[in-house]
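Structure data follow from my_file27.pdb (PDB, C-alpha atoms, pLDDT in the B column):
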ATOM      1  CA  MET A1180     236.472 135.040  13.393  1.00 80.00           C
ATOM      2  CA  GLY A1181     234.090 136.128  10.714  1.00 92.00           C
ATOM      3  CA  LYS A1182     230.365 136.531  10.616  1.00 94.00           C
ATOM      4  CA  ILE A1183     227.628 136.722   8.033  1.00 95.00           C
ATOM      5  CA  LEU A1184     224.979 139.417   8.086  1.00 93.00           C
ATOM      6  CA  PHE A1185     221.763 139.255   6.107  1.00 92.00           C
ATOM      7  CA  ALA A1186     219.073 141.615   4.863  1.00 89.00           C
ATOM      8  CA  ASP A1187     216.283 141.576   2.325  1.00 86.00           C
ATOM      9  CA  GLN A1188     215.821 144.812   0.395  1.00 82.00           C
ATOM     10  CA  ASP A1189     212.762 144.611  -1.851  1.00 83.00           C
ATOM     11  CA  GLY A1190     213.462 141.009  -2.861  1.00 86.00           C
ATOM     12  CA  VAL A1191     217.227 141.465  -3.095  1.00 88.00           C
ATOM     13  CA  GLN A1192     218.891 139.085  -0.648  1.00 90.00           C
ATOM     14  CA  VAL A1193     222.065 140.670   0.691  1.00 90.00           C
ATOM     15  CA  LEU A1194     224.709 138.599   2.446  1.00 93.00           C
ATOM     16  CA  LYS A1195     227.465 140.639   4.031  1.00 93.00           C
ATOM     17  CA  PHE A1196     230.592 138.775   5.064  1.00 95.00           C
ATOM     18  CA  GLU A1197     232.681 140.416   7.768  1.00 94.00           C
ATOM     19  CA  GLY A1198     236.124 139.452   8.980  1.00 96.00           C
ATOM     20  CA  ASP A1199     237.811 136.166   8.231  1.00 96.00           C
ATOM     21  CA  VAL A1200     235.265 133.815   6.633  1.00 95.00           C
ATOM     22  CA  ARG A1201     236.291 130.191   7.103  1.00 95.00           C
ATOM     23  CA  VAL A1202     234.966 126.655   6.871  1.00 94.00           C
ATOM     24  CA  CYS A1203     233.184 126.938  10.227  1.00 93.00           C
ATOM     25  CA  LEU A1204     230.718 129.350   8.574  1.00 94.00           C
ATOM     26  CA  GLY A1205     230.026 126.855   5.784  1.00 94.00           C
ATOM     27  CA  PRO A1206     226.876 125.458   7.384  1.00 94.00           C
ATOM     28  CA  THR A1207     225.483 129.000   7.687  1.00 93.00           C
ATOM     29  CA  ILE A1208     226.165 129.663   4.003  1.00 93.00           C
ATOM     30  CA  SER A1209     224.611 126.305   3.116  1.00 91.00           C
ATOM     31  CA  SER A1210     221.457 127.230   5.017  1.00 88.00           C
ATOM     32  CA  PHE A1211     221.157 130.305   2.797  1.00 87.00           C
ATOM     33  CA  LEU A1212     221.164 127.984  -0.223  1.00 86.00           C
ATOM     34  CA  ASN A1213     217.903 126.546   1.066  1.00 82.00           C
ATOM     35  CA  CYS A1214     216.344 130.042   0.934  1.00 79.00           C
ATOM     36  CA  ILE A1215     217.172 130.244  -2.747  1.00 81.00           C
ATOM     37  CA  ASP A1216     215.584 126.837  -3.305  1.00 78.00           C
ATOM     38  CA  LYS A1217     212.356 128.042  -1.714  1.00 79.00           C
ATOM     39  CA  ASN A1218     212.479 131.199  -3.913  1.00 67.00           C
ATOM     40  CA  ARG A1219     209.865 133.105  -1.957  1.00 75.00           C
ATOM     41  CA  GLY A1220     210.012 136.636  -3.286  1.00 83.00           C
ATOM     42  CA  ILE A1221     213.732 136.575  -4.087  1.00 88.00           C
ATOM     43  CA  ASN A1222     214.652 138.582  -7.187  1.00 89.00           C
ATOM     44  CA  ALA A1223     218.422 138.823  -6.830  1.00 90.00           C
ATOM     45  CA  VAL A1224     221.362 137.989  -4.589  1.00 92.00           C
ATOM     46  CA  VAL A1225     224.184 140.349  -3.607  1.00 92.00           C
ATOM     47  CA  ILE A1226     227.245 139.148  -1.704  1.00 94.00           C
ATOM     48  CA  ASP A1227     228.977 142.063   0.033  1.00 93.00           C
ATOM     49  CA  LEU A1228     232.651 141.308   0.709  1.00 95.00           C
ATOM     50  CA  ARG A1229     233.738 144.882   1.412  1.00 92.00           C
ATOM     51  CA  GLU A1230     234.503 144.070   5.063  1.00 93.00           C
ATOM     52  CA  THR A1231     235.905 140.607   4.430  1.00 95.00           C
ATOM     53  CA  THR A1232     239.534 140.289   5.507  1.00 96.00           C
ATOM     54  CA  GLY A1233     239.985 136.684   4.399  1.00 96.00           C
ATOM     55  CA  ILE A1234     237.977 133.890   2.814  1.00 96.00           C
ATOM     56  CA  ASP A1235     238.908 130.236   2.450  1.00 97.00           C
ATOM     57  CA  SER A1236     238.320 127.930  -0.493  1.00 97.00           C
ATOM     58  CA  THR A1237     235.402 126.153   1.172  1.00 97.00           C
ATOM     59  CA  SER A1238     233.543 129.446   1.579  1.00 97.00           C
ATOM     60  CA  LEU A1239     234.389 130.355  -2.005  1.00 98.00           C
ATOM     61  CA  GLY A1240     233.030 127.020  -3.187  1.00 97.00           C
ATOM     62  CA  LEU A1241     229.810 127.632  -1.281  1.00 97.00           C
ATOM     63  CA  LEU A1242     229.549 131.090  -2.866  1.00 97.00           C
ATOM     64  CA  ALA A1243     229.940 129.427  -6.258  1.00 97.00           C
ATOM     65  CA  LYS A1244     227.071 127.105  -5.307  1.00 96.00           C
ATOM     66  CA  ILE A1245     224.966 130.178  -4.430  1.00 96.00           C
ATOM     67  CA  SER A1246     225.650 131.561  -7.903  1.00 96.00           C
ATOM     68  CA  ILE A1247     224.799 128.310  -9.643  1.00 95.00           C
ATOM     69  CA  ARG A1248     221.606 127.942  -7.604  1.00 93.00           C
ATOM     70  CA  SER A1249     220.646 131.602  -8.234  1.00 93.00           C
ATOM     71  CA  GLN A1250     221.092 131.176 -11.948  1.00 94.00           C
ATOM     72  CA  ASP A1251     219.083 127.959 -11.931  1.00 93.00           C
ATOM     73  CA  LYS A1252     216.214 129.040  -9.656  1.00 90.00           C
ATOM     74  CA  LEU A1253     216.094 132.815 -10.098  1.00 90.00           C
ATOM     75  CA  LYS A1254     217.507 133.072 -13.632  1.00 93.00           C
ATOM     76  CA  VAL A1255     219.837 135.898 -12.554  1.00 92.00           C
ATOM     77  CA  LEU A1256     223.574 136.287 -12.172  1.00 95.00           C
ATOM     78  CA  PRO A1257     224.289 137.327  -8.562  1.00 95.00           C
ATOM     79  CA  THR A1258     226.594 140.208  -7.695  1.00 94.00           C
ATOM     80  CA  ILE A1259     229.702 140.168  -5.521  1.00 96.00           C
ATOM     81  CA  VAL A1260     230.889 143.512  -4.186  1.00 94.00           C
ATOM     82  CA  SER A1261     234.586 143.569  -3.316  1.00 94.00           C
ATOM     83  CA  THR A1262     236.761 146.605  -2.682  1.00 92.00           C
ATOM     84  CA  ASN A1263     239.675 144.619  -1.251  1.00 93.00           C
ATOM     85  CA  GLU A1264     242.194 144.090  -4.065  1.00 94.00           C
ATOM     86  CA  ASP A1265     243.470 140.817  -2.572  1.00 95.00           C
ATOM     87  CA  ILE A1266     239.968 139.361  -2.261  1.00 96.00           C
ATOM     88  CA  THR A1267     239.066 140.533  -5.774  1.00 96.00           C
ATOM     89  CA  ARG A1268     242.245 138.965  -7.167  1.00 96.00           C
ATOM     90  CA  VAL A1269     241.297 135.617  -5.551  1.00 96.00           C
ATOM     91  CA  LEU A1270     237.744 135.861  -6.918  1.00 97.00           C
ATOM     92  CA  LEU A1271     239.008 136.497 -10.438  1.00 97.00           C
ATOM     93  CA  SER A1272     241.626 133.729 -10.240  1.00 96.00           C
ATOM     94  CA  MET A1273     238.884 131.272  -9.229  1.00 96.00           C
ATOM     95  CA  GLY A1274     236.763 132.249 -12.255  1.00 97.00           C
ATOM     96  CA  PHE A1275     234.090 134.103 -10.306  1.00 98.00           C
ATOM     97  CA  ASP A1276     233.832 136.724 -13.052  1.00 97.00           C
ATOM     98  CA  LYS A1277     232.146 133.986 -15.121  1.00 97.00           C
ATOM     99  CA  ILE A1278     229.476 133.185 -12.507  1.00 97.00           C
ATOM    100  CA  PHE A1279     229.029 136.548 -10.722  1.00 97.00           C
ATOM    101  CA  VAL A1280     228.928 140.194 -11.581  1.00 95.00           C
ATOM    102  CA  VAL A1281     232.087 141.234  -9.685  1.00 95.00           C
ATOM    103  CA  ASP A1282     231.807 144.906  -8.774  1.00 92.00           C
ATOM    104  CA  SER A1283     233.926 147.295  -6.731  1.00 87.00           C
ATOM    105  CA  LYS A1284     231.101 149.814  -6.404  1.00 80.00           C
ATOM    106  CA  THR A1285     228.401 149.478  -3.789  1.00 71.00           C
ATOM    107  CA  PRO A1286     225.034 148.638  -5.352  1.00 65.00           C
ATOM    108  CA  ARG A1287     222.127 150.870  -4.390  1.00 65.00           C
ATOM    109  CA  CYS A1288     220.536 148.124  -2.273  1.00 62.00           C
ATOM    110  CA  CYS A1289     223.697 147.817  -0.113  1.00 63.00           C
ATOM    111  CA  ALA A1290     224.027 151.576   0.259  1.00 61.00           C
ATOM    112  CA  GLU A1291     220.401 151.831   1.404  1.00 64.00           C
ATOM    113  CA  LEU A1292     220.826 149.201   4.087  1.00 58.00           C
ATOM    114  CA  GLY A1293     221.781 150.644   7.427  1.00 57.00           C
ATOM    115  CA  CYS A1294     223.596 148.572  10.017  1.00 51.00           C
ATOM    116  CA  ASP A1295     220.323 148.258  11.920  1.00 55.00           C
ATOM    117  CA  GLN A1296     218.719 146.497   8.932  1.00 78.00           C
ATOM    118  CA  LEU A1297     221.399 143.814   8.715  1.00 84.00           C
ATOM    119  CA  GLY A1298     220.911 140.908  11.060  1.00 88.00           C
ATOM    120  CA  GLU A1299     223.537 138.299  11.822  1.00 90.00           C
ATOM    121  CA  LEU A1300     222.705 134.875  10.490  1.00 90.00           C
ATOM    122  CA  PRO A1301     222.793 132.337  13.294  1.00 87.00           C
ATOM    123  CA  ALA A1302     225.773 130.021  13.261  1.00 85.00           C
ATOM    124  CA  GLU A1303     224.719 126.566  12.138  1.00 87.00           C
ATOM    125  CA  VAL A1304     226.282 123.527  13.749  1.00 87.00           C
ATOM    126  CA  VAL A1305     226.542 120.255  11.851  1.00 91.00           C
ATOM    127  CA  SER A1306     228.224 116.922  12.422  1.00 92.00           C
ATOM    128  CA  GLU A1307     231.814 116.362  11.376  1.00 89.00           C
ATOM    129  CA  ALA A1308     230.615 114.081   8.567  1.00 89.00           C
ATOM    130  CA  ALA A1309     228.193 116.741   7.281  1.00 92.00           C
ATOM    131  CA  LEU A1310     230.901 119.407   7.434  1.00 92.00           C
ATOM    132  CA  ARG A1311     233.317 117.135   5.559  1.00 91.00           C
ATOM    133  CA  GLN A1312     230.617 116.605   2.897  1.00 94.00           C
ATOM    134  CA  GLN A1313     230.122 120.390   2.552  1.00 95.00           C
ATOM    135  CA  VAL A1314     233.872 120.920   2.157  1.00 96.00           C
ATOM    136  CA  LEU A1315     234.001 118.187  -0.483  1.00 96.00           C
ATOM    137  CA  GLU A1316     231.036 119.564  -2.442  1.00 97.00           C
ATOM    138  CA  ALA A1317     232.387 123.119  -2.239  1.00 97.00           C
ATOM    139  CA  HIS A1318     235.716 122.073  -3.728  1.00 97.00           C
ATOM    140  CA  ARG A1319     234.083 119.953  -6.414  1.00 97.00           C
ATOM    141  CA  THR A1320     232.114 123.059  -7.396  1.00 97.00           C
ATOM    142  CA  LEU A1321     235.289 125.153  -7.588  1.00 98.00           C
ATOM    143  CA  MET A1322     236.967 122.470  -9.718  1.00 97.00           C
ATOM    144  CA  GLN A1323     234.205 122.801 -12.302  1.00 97.00           C
ATOM    145  CA  LEU A1324     234.820 126.531 -12.797  1.00 97.00           C
ATOM    146  CA  ASN A1325     238.149 126.298 -14.603  1.00 96.00           C
ATOM    147  CA  ASP A1326     241.232 124.162 -15.282  1.00 97.00           C
ATOM    148  CA  ASN A1327     243.373 126.020 -12.739  1.00 96.00           C
ATOM    149  CA  ASN A1328     240.896 125.139  -9.983  1.00 97.00           C
ATOM    150  CA  LEU A1329     240.781 121.549 -11.205  1.00 97.00           C
ATOM    151  CA  VAL A1330     244.545 121.247 -10.796  1.00 97.00           C
ATOM    152  CA  ALA A1331     244.604 123.186  -7.516  1.00 96.00           C
ATOM    153  CA  PHE A1332     241.942 121.113  -5.758  1.00 97.00           C
ATOM    154  CA  LYS A1333     242.077 117.626  -7.283  1.00 97.00           C
ATOM    155  CA  ASP A1334     244.432 116.240  -4.612  1.00 97.00           C
ATOM    156  CA  LEU A1335     242.383 117.749  -1.791  1.00 95.00           C
ATOM    157  CA  VAL A1336     239.156 116.342  -3.240  1.00 97.00           C
ATOM    158  CA  ALA A1337     240.760 112.915  -3.681  1.00 96.00           C
ATOM    159  CA  ALA A1338     241.970 112.979  -0.065  1.00 95.00           C
ATOM    160  CA  LEU A1339     238.547 114.041   1.213  1.00 92.00           C
ATOM    161  CA  GLU A1340     236.858 111.307  -0.827  1.00 93.00           C
ATOM    162  CA  GLN A1341     239.307 108.748   0.570  1.00 92.00           C
ATOM    163  CA  GLU A1342     238.704 110.003   4.105  1.00 88.00           C
ATOM    164  CA  GLN A1343     234.962 109.808   3.539  1.00 86.00           C
ATOM    165  CA  GLU A1344     235.218 106.214   2.319  1.00 86.00           C
ATOM    166  CA  THR A1345     237.416 105.251   5.267  1.00 85.00           C
ATOM    167  CA  SER A1346     234.955 106.780   7.727  1.00 80.00           C
ATOM    168  CA  ARG A1347     232.142 104.656   6.248  1.00 75.00           C
ATOM    169  CA  VAL A1348     233.973 101.396   6.961  1.00 67.00           C
ATOM    170  CA  PRO A1349     233.164 100.048  10.437  1.00 65.00           C
ATOM    171  CA  PRO A1350     236.151 100.334  12.825  1.00 59.00           C
ATOM    172  CA  ARG A1351     236.279  96.555  13.294  1.00 61.00           C
ATOM    173  CA  LEU A1352     236.803  96.038   9.547  1.00 59.00           C
ATOM    174  CA  ARG A1353     239.270  98.928   9.269  1.00 51.00           C
ATOM    175  CA  ALA A1354     241.634  97.310  11.784  1.00 53.00           C
ATOM    176  CA  ASN A1355     241.657  94.061   9.792  1.00 52.00           C
ATOM    177  CA  GLY A1356     241.789  95.527   6.342  1.00 49.00           C
TER     178      GLY A1356
END
Could you quickly redo this structure as structure tokens?
Amino acid sequence: MGKILFADQDGVQVLKFEGDVRVCLGPTISSFLNCIDKNRGINAVVIDLRETTGIDSTSLGLLAKISIRSQDKLKVLPTIVSTNEDITRVLLSMGFDKIFVVDSKTPRCCAELGCDQLGELPAEVVSEAALRQQVLEAHRTLMQLNDNNLVAFKDLVAALEQEQETSRVPPRLRANG
């Protein structure tokens, strides 16, 4: 199971992903998006993936949303630090080099942060419907990055949209319809 650590270094928000980052951490990542919206003293965002062993498409979609929000609210391109060749290959295949500065070298702000300065973000718990909505939005975001993502995720997005519609229909009507 993965976890997300956080620190603020002179207005640089650092998110450090450790371990296997999966959909269950999506609500925690989404909560960070709200910090960007509030933009209180944030100058830049750095995503540190050096200790990430795996990352799913939902988490990648939420990272893409962080980049889009950072560009919109902060007017800066965030940085992703990745030294794992497999993770970097996935980032590049998803088109993250267009929406992030993808770097294999540790930025000064990450190097200055000691383990004692990084605090674990609390795990957020949301309803199944809210989680399904986050997964859907994350994949829609990925689809907008490039044609390969559009092809890769269109069936999943269609299935999630269908599931969402079905869940909105009252059970009594579902049985008859």
Residues at most 10 Å from Ile1259 in chain A, counting all atoms listed in the file, excluding those fewer than 5 positions away in the same chain, as a PyMOL selection string? chain A and resi 1193-1195+1224-1229+1242+1246+1267+1270+1275-1276+1278-1286
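With distances restricted to only C-alpha atoms, A:Val1255 is the closest residue to Ala1223 in chain A from A:Ile1245, A:Leu1204, A:Met1273, A:Val1255.
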Ile1247 in chain A environment, 12 Å, only C-alpha atoms, sequence neighbours closer than 2 positions dropped, as a list in words: Leu1212, Ile1215, Asp1216, Val1224, Gly1240, Leu1241, Leu1242, Ala1243, Lys1244, Ile1245, Ser1249, Gln1250, Asp1251, Lys1252, Leu1253, Lys1254, Val1255, Leu1256, Pro1257, Phe1275, Lys1277, Ile1278, Phe1279, Ala1317, Thr1320, Leu1321, Gln1323 and Leu1324 of chain A
Might you spell out which residues the PyMOL selection byres ((chain A and resi 1219) around 12) would select in the displayed file, as a ChimeraX atom specification? /A:1187,1189-1192,1213-1218,1220-1223,1252-1253
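Relative to CA of Thr1232 in chain A, CA of Ala1338 in chain A is found at 28.0 Å.
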Because the input lacks atoms here, generate N, CA and C atoms for range 1186-1218 of chain A and report them as a PDB file, in the frame of the given file.
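Now in part11.pdb:
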ATOM      1  N   ALA A1186     220.219 140.706   4.974  1.00 89.00           N
ATOM      2  CA  ALA A1186     219.073 141.615   4.863  1.00 89.00           C
ATOM      3  C   ALA A1186     218.356 141.318   3.555  1.00 89.00           C
ATOM      4  N   ASP A1187     217.089 141.685   3.536  1.00 86.00           N
ATOM      5  CA  ASP A1187     216.283 141.576   2.325  1.00 86.00           C
ATOM      6  C   ASP A1187     215.814 142.985   1.996  1.00 86.00           C
ATOM      7  N   GLN A1188     216.200 143.476   0.827  1.00 82.00           N
ATOM      8  CA  GLN A1188     215.821 144.812   0.395  1.00 82.00           C
ATOM      9  C   GLN A1188     214.992 144.684  -0.868  1.00 82.00           C
ATOM     10  N   ASP A1189     213.677 144.700  -0.711  1.00 83.00           N
ATOM     11  CA  ASP A1189     212.762 144.611  -1.851  1.00 83.00           C
ATOM     12  C   ASP A1189     213.050 143.395  -2.735  1.00 83.00           C
ATOM     13  N   GLY A1190     213.225 142.239  -2.114  1.00 86.00           N
ATOM     14  CA  GLY A1190     213.462 141.009  -2.861  1.00 86.00           C
ATOM     15  C   GLY A1190     214.911 140.754  -3.220  1.00 86.00           C
ATOM     16  N   VAL A1191     215.799 141.676  -2.883  1.00 88.00           N
ATOM     17  CA  VAL A1191     217.227 141.465  -3.095  1.00 88.00           C
ATOM     18  C   VAL A1191     217.799 140.935  -1.783  1.00 88.00           C
ATOM     19  N   GLN A1192     218.280 139.701  -1.819  1.00 90.00           N
ATOM     20  CA  GLN A1192     218.891 139.085  -0.648  1.00 90.00           C
ATOM     21  C   GLN A1192     220.341 139.533  -0.588  1.00 90.00           C
ATOM     22  N   VAL A1193     220.703 140.167   0.519  1.00 90.00           N
ATOM     23  CA  VAL A1193     222.065 140.670   0.691  1.00 90.00           C
ATOM     24  C   VAL A1193     222.737 139.870   1.799  1.00 90.00           C
ATOM     25  N   LEU A1194     223.858 139.262   1.459  1.00 93.00           N
ATOM     26  CA  LEU A1194     224.709 138.599   2.446  1.00 93.00           C
ATOM     27  C   LEU A1194     225.968 139.435   2.581  1.00 93.00           C
ATOM     28  N   LYS A1195     226.267 139.843   3.787  1.00 93.00           N
ATOM     29  CA  LYS A1195     227.465 140.639   4.031  1.00 93.00           C
ATOM     30  C   LYS A1195     228.418 139.823   4.890  1.00 93.00           C
ATOM     31  N   PHE A1196     229.584 139.537   4.341  1.00 95.00           N
ATOM     32  CA  PHE A1196     230.592 138.775   5.064  1.00 95.00           C
ATOM     33  C   PHE A1196     231.538 139.753   5.733  1.00 95.00           C
ATOM     34  N   GLU A1197     231.759 139.548   7.021  1.00 94.00           N
ATOM     35  CA  GLU A1197     232.681 140.416   7.768  1.00 94.00           C
ATOM     36  C   GLU A1197     233.782 139.575   8.390  1.00 94.00           C
ATOM     37  N   GLY A1198     234.994 140.119   8.346  1.00 96.00           N
ATOM     38  CA  GLY A1198     236.124 139.452   8.980  1.00 96.00           C
ATOM     39  C   GLY A1198     236.660 138.310   8.147  1.00 96.00           C
ATOM     40  N   ASP A1199     237.178 137.321   8.847  1.00 96.00           N
ATOM     41  CA  ASP A1199     237.811 136.166   8.231  1.00 96.00           C
ATOM     42  C   ASP A1199     236.771 135.049   8.106  1.00 96.00           C
ATOM     43  N   VAL A1200     236.343 134.773   6.883  1.00 95.00           N
ATOM     44  CA  VAL A1200     235.265 133.815   6.633  1.00 95.00           C
ATOM     45  C   VAL A1200     235.891 132.461   6.312  1.00 95.00           C
ATOM     46  N   ARG A1201     235.661 131.509   7.203  1.00 95.00           N
ATOM     47  CA  ARG A1201     236.291 130.191   7.103  1.00 95.00           C
ATOM     48  C   ARG A1201     235.268 129.068   7.080  1.00 95.00           C
ATOM     49  N   VAL A1202     235.771 127.866   7.004  1.00 94.00           N
ATOM     50  CA  VAL A1202     234.966 126.655   6.871  1.00 94.00           C
ATOM     51  C   VAL A1202     233.899 126.539   7.956  1.00 94.00           C
ATOM     52  N   CYS A1203     234.166 127.052   9.137  1.00 93.00           N
ATOM     53  CA  CYS A1203     233.184 126.938  10.227  1.00 93.00           C
ATOM     54  C   CYS A1203     231.889 127.692   9.917  1.00 93.00           C
ATOM     55  N   LEU A1204     231.930 128.644   8.987  1.00 94.00           N
ATOM     56  CA  LEU A1204     230.718 129.350   8.574  1.00 94.00           C
ATOM     57  C   LEU A1204     230.022 128.669   7.390  1.00 94.00           C
ATOM     58  N   GLY A1205     230.605 127.590   6.905  1.00 94.00           N
ATOM     59  CA  GLY A1205     230.026 126.855   5.784  1.00 94.00           C
ATOM     60  C   GLY A1205     228.589 126.422   6.003  1.00 94.00           C
ATOM     61  N   PRO A1206     228.267 125.856   7.160  1.00 94.00           N
ATOM     62  CA  PRO A1206     226.876 125.458   7.384  1.00 94.00           C
ATOM     63  C   PRO A1206     225.895 126.634   7.323  1.00 94.00           C
ATOM     64  N   THR A1207     226.334 127.812   7.748  1.00 93.00           N
ATOM     65  CA  THR A1207     225.483 129.000   7.687  1.00 93.00           C
ATOM     66  C   THR A1207     225.246 129.395   6.230  1.00 93.00           C
ATOM     67  N   ILE A1208     226.297 129.353   5.433  1.00 93.00           N
ATOM     68  CA  ILE A1208     226.165 129.663   4.003  1.00 93.00           C
ATOM     69  C   ILE A1208     225.264 128.628   3.336  1.00 93.00           C
ATOM     70  N   SER A1209     225.441 127.370   3.691  1.00 91.00           N
ATOM     71  CA  SER A1209     224.611 126.305   3.116  1.00 91.00           C
ATOM     72  C   SER A1209     223.137 126.497   3.448  1.00 91.00           C
ATOM     73  N   SER A1210     222.852 126.974   4.641  1.00 88.00           N
ATOM     74  CA  SER A1210     221.457 127.230   5.017  1.00 88.00           C
ATOM     75  C   SER A1210     220.841 128.286   4.109  1.00 88.00           C
ATOM     76  N   PHE A1211     221.660 129.280   3.715  1.00 87.00           N
ATOM     77  CA  PHE A1211     221.157 130.305   2.797  1.00 87.00           C
ATOM     78  C   PHE A1211     220.774 129.689   1.452  1.00 87.00           C
ATOM     79  N   LEU A1212     221.500 128.661   1.031  1.00 86.00           N
ATOM     80  CA  LEU A1212     221.164 127.984  -0.223  1.00 86.00           C
ATOM     81  C   LEU A1212     219.722 127.474  -0.204  1.00 86.00           C
ATOM     82  N   ASN A1213     219.278 127.035   0.952  1.00 82.00           N
ATOM     83  CA  ASN A1213     217.903 126.546   1.066  1.00 82.00           C
ATOM     84  C   ASN A1213     216.891 127.661   0.818  1.00 82.00           C
ATOM     85  N   CYS A1214     217.233 128.903   1.201  1.00 79.00           N
ATOM     86  CA  CYS A1214     216.344 130.042   0.934  1.00 79.00           C
ATOM     87  C   CYS A1214     216.169 130.244  -0.562  1.00 79.00           C
ATOM     88  N   ILE A1215     217.244 130.086  -1.295  1.00 81.00           N
ATOM     89  CA  ILE A1215     217.172 130.244  -2.747  1.00 81.00           C
ATOM     90  C   ILE A1215     216.284 129.154  -3.335  1.00 81.00           C
ATOM     91  N   ASP A1216     216.408 127.944  -2.812  1.00 78.00           N
ATOM     92  CA  ASP A1216     215.584 126.837  -3.305  1.00 78.00           C
ATOM     93  C   ASP A1216     214.101 127.123  -3.121  1.00 78.00           C
ATOM     94  N   LYS A1217     213.762 127.753  -1.998  1.00 79.00           N
ATOM     95  CA  LYS A1217     212.356 128.042  -1.714  1.00 79.00           C
ATOM     96  C   LYS A1217     211.849 129.202  -2.562  1.00 79.00           C
ATOM     97  N   ASN A1218     212.759 130.105  -2.980  1.00 67.00           N
ATOM     98  CA  ASN A1218     212.479 131.199  -3.913  1.00 67.00           C
ATOM     99  C   ASN A1218     211.196 131.964  -3.575  1.00 67.00           C
TER     100      ASN A1218
END
